[in-house]
Structure formats: structure tokens, C-alpha cells
Amino acid sequence: MLDRCSSLSSGAAPKSITVRLSEPVIFGVRCSHCGYDDTAQHGLRKARDQDSRLRTCPVCGSDAIVDVRDELTLTELVRDYRSAAIPVGYILVDAAFGTMALDLGSKA
Ligand SMILES: [Zn+2]
């Protein structure tokens, strides 16, 4: 158990652990035509707070690809979003020893 905890803190989390978000979140927005990346403007927001304009590229007007997810791996969470404010009330972590619910304190 101690070994598992130390591997998590070093960022080498097992890929098999899935983190489920309490609601869908936008993780990326990129134009399918010109490649314009609008993630800085719209990423890490609740999917339900966005409207259909998000799906149109502000540069060329083509369809944008919106990456909406309600789960990610623990590896992704630690590697890519360690210091990010993911706007969900809680996350569920499925692990070999059971499911943990972690309250993130966001006003849902
Ligand atoms: Zn575009």
C-alpha cells in the first residue's frame, strides 16, 4: 500500500484507474479545418454551460471538434490537470480496493 501511494505522488499512476467526473466537462476545442485551438478560452468548463457557437471555429467558420468527457484516467488527471481547476462538484475514482468519492468543493 505504501508503494502504491508513493507511485501516485510521483506521477506514475497506474493507467487502469478511471476517474469519473460528476458531470461532463469540455477538455478541448479545436477546429477540424484550420486547426485553431480554442481550448484556452473554452476548456475546463462545464459542458452544460456552453452553447452551440462553441462548435463553430471563430477563425474560419468550420466545424470545431469539442472534446467533452465525463471520465479520464488517473494518469491523465495527474499528468495534465494536476493544478487545474476542473469545475465539477466531485469525482469518483474506481480502484482495485473500491470506489472513492472525492469532493472538489466546486459549486455545482
Ligand atoms: Zn478554423
# chains A, B, ... in the order shown; residues from 1 in each chain; ligands from 1
>>> residues_near_ligand(ligand="ligand 1", cutoff="6 Å", atoms="only C-alpha atoms and all ligand atoms", output="VMD selection string")
chain A and resid 31 33 to 36 57 59 to 62
>>> write_last_selection(atoms="C-alpha atoms", output="CSV table (one decimal), in the first residue's frame")
chain,number,residue,atom,x,y,z
A,31,CYS,CA,-11.1,23.5,-35.5
A,33,HIS,CA,-10.3,22.6,-40.8
A,34,CYS,CA,-7.7,25.2,-39.8
A,35,GLY,CA,-6.6,23.6,-36.5
A,36,TYR,CA,-7.3,26.7,-34.4
A,57,CYS,CA,-14.5,28.0,-35.4
A,59,VAL,CA,-11.4,32.0,-37.3
A,60,CYS,CA,-12.7,30.2,-40.4
A,61,GLY,CA,-16.3,29.2,-39.5
A,62,SER,CA,-15.7,25.5,-40.0
>>> select_by_dssp(residues="chain A", states="strand (DSSP E)", output="ChimeraX atom specification")
/A:18-31,45-46,64-73,90-95,98-103
>>> residues_around(residues="Thr99 of chain A", least_positions_apart="4", cutoff="12 Å", atoms="only C-alpha atoms", output="ChimeraX atom specification")
/A:17-20,91-95
>>> select_by_dssp(residues="segment 1-100 of chain A", states="alpha helix (DSSP H)", output="list in words")
Leu2, Asp3, Arg4, Cys5, Ser6, Ser7, Leu8, Ser9, Thr39, Ala40, Gln41, His42, Leu74, Thr75, Glu76, Leu77, Val78, Arg79 and Asp80 of chain A
>>> write_last_selection(atoms="N, CA and C atoms", output="PDB file, in the first residue's frame")
ATOM      1  N   LEU A   2       1.912   1.225   0.753  1.00  0.00           N
ATOM      2  CA  LEU A   2       2.796   2.381   0.796  1.00  0.00           C
ATOM      3  C   LEU A   2       3.434   2.618  -0.571  1.00  0.00           C
ATOM      4  N   ASP A   3       3.799   1.526  -1.248  1.00  0.00           N
ATOM      5  CA  ASP A   3       4.387   1.667  -2.577  1.00  0.00           C
ATOM      6  C   ASP A   3       3.406   2.306  -3.552  1.00  0.00           C
ATOM      7  N   ARG A   4       2.139   1.912  -3.471  1.00  0.00           N
ATOM      8  CA  ARG A   4       1.137   2.479  -4.370  1.00  0.00           C
ATOM      9  C   ARG A   4       1.009   3.985  -4.141  1.00  0.00           C
ATOM     10  N   CYS A   5       0.979   4.401  -2.904  1.00  0.00           N
ATOM     11  CA  CYS A   5       0.844   5.835  -2.604  1.00  0.00           C
ATOM     12  C   CYS A   5       2.039   6.617  -3.132  1.00  0.00           C
ATOM     13  N   SER A   6       3.225   6.104  -2.975  1.00  0.00           N
ATOM     14  CA  SER A   6       4.392   6.840  -3.433  1.00  0.00           C
ATOM     15  C   SER A   6       4.441   6.905  -4.952  1.00  0.00           C
ATOM     16  N   SER A   7       3.941   5.868  -5.638  1.00  0.00           N
ATOM     17  CA  SER A   7       3.942   5.924  -7.097  1.00  0.00           C
ATOM     18  C   SER A   7       2.923   6.951  -7.586  1.00  0.00           C
ATOM     19  N   LEU A   8       1.800   7.130  -6.877  1.00  0.00           N
ATOM     20  CA  LEU A   8       0.826   8.147  -7.268  1.00  0.00           C
ATOM     21  C   LEU A   8       1.415   9.544  -7.134  1.00  0.00           C
ATOM     22  N   SER A   9       2.121   9.781  -6.055  1.00  0.00           N
ATOM     23  CA  SER A   9       2.632  11.125  -5.832  1.00  0.00           C
ATOM     24  C   SER A   9       3.754  11.472  -6.805  1.00  0.00           C
ATOM     25  N   THR A  39      -8.981  26.008 -26.881  1.00  0.00           N
ATOM     26  CA  THR A  39      -9.057  25.376 -25.561  1.00  0.00           C
ATOM     27  C   THR A  39      -8.803  26.381 -24.437  1.00  0.00           C
ATOM     28  N   ALA A  40      -7.890  27.322 -24.649  1.00  0.00           N
ATOM     29  CA  ALA A  40      -7.588  28.275 -23.585  1.00  0.00           C
ATOM     30  C   ALA A  40      -8.823  29.088 -23.208  1.00  0.00           C
ATOM     31  N   GLN A  41      -9.673  29.371 -24.196  1.00  0.00           N
ATOM     32  CA  GLN A  41     -10.879  30.164 -23.959  1.00  0.00           C
ATOM     33  C   GLN A  41     -12.007  29.317 -23.359  1.00  0.00           C
ATOM     34  N   HIS A  42     -12.158  28.088 -23.855  1.00  0.00           N
ATOM     35  CA  HIS A  42     -13.350  27.310 -23.501  1.00  0.00           C
ATOM     36  C   HIS A  42     -13.070  26.022 -22.750  1.00  0.00           C
ATOM     37  N   LEU A  74      -6.600   8.243 -14.232  1.00  0.00           N
ATOM     38  CA  LEU A  74      -5.870   8.913 -13.159  1.00  0.00           C
ATOM     39  C   LEU A  74      -4.530   9.438 -13.673  1.00  0.00           C
ATOM     40  N   THR A  75      -3.945   8.712 -14.619  1.00  0.00           N
ATOM     41  CA  THR A  75      -2.686   9.162 -15.217  1.00  0.00           C
ATOM     42  C   THR A  75      -2.867  10.523 -15.895  1.00  0.00           C
ATOM     43  N   GLU A  76      -3.950  10.663 -16.682  1.00  0.00           N
ATOM     44  CA  GLU A  76      -4.212  11.948 -17.337  1.00  0.00           C
ATOM     45  C   GLU A  76      -4.441  13.048 -16.309  1.00  0.00           C
ATOM     46  N   LEU A  77      -5.214  12.721 -15.280  1.00  0.00           N
ATOM     47  CA  LEU A  77      -5.529  13.717 -14.255  1.00  0.00           C
ATOM     48  C   LEU A  77      -4.256  14.237 -13.591  1.00  0.00           C
ATOM     49  N   VAL A  78      -3.365  13.323 -13.225  1.00  0.00           N
ATOM     50  CA  VAL A  78      -2.141  13.710 -12.533  1.00  0.00           C
ATOM     51  C   VAL A  78      -1.171  14.407 -13.493  1.00  0.00           C
ATOM     52  N   ARG A  79      -1.054  13.871 -14.714  1.00  0.00           N
ATOM     53  CA  ARG A  79      -0.074  14.392 -15.671  1.00  0.00           C
ATOM     54  C   ARG A  79      -0.489  15.740 -16.268  1.00  0.00           C
ATOM     55  N   ASP A  80      -1.784  15.862 -16.643  1.00  0.00           N
ATOM     56  CA  ASP A  80      -2.226  17.010 -17.429  1.00  0.00           C
ATOM     57  C   ASP A  80      -2.998  18.054 -16.625  1.00  0.00           C
TER      58      ASP A  80
END
>>> atom_distance(atom1="atom CA of Glu71 of chain A", atom2="atom CA of Ala85 of chain A")
15.1 Å
>>> residues_around(residues="segment 49-56 of chain A", least_positions_apart="5", cutoff="10 Å", atoms="only C-alpha atoms", output="list of chain:residue names")
A:Val25, A:Ile26, A:Val29, A:Arg30, A:Cys31, A:Ser32, A:Asp38, A:His42, A:Gly61, A:Ser62, A:Asp63, A:Ala64, A:Ile65, A:Val66
>>> atom_distance(atom1="atom CA of Pro87 of chain A", atom2="atom CA of Leu102 of chain A")
13.1 Å
>>> atom_distance(atom1="atom CA of Gly98 of chain A", atom2="atom CA of Phe27 of chain A")
26.5 Å
>>> closest_residue(among="A:Ala101, A:Ala84, A:Leu44, A:Val68", to="Ser22 of chain A", atoms="only C-alpha atoms")
A:Ala101
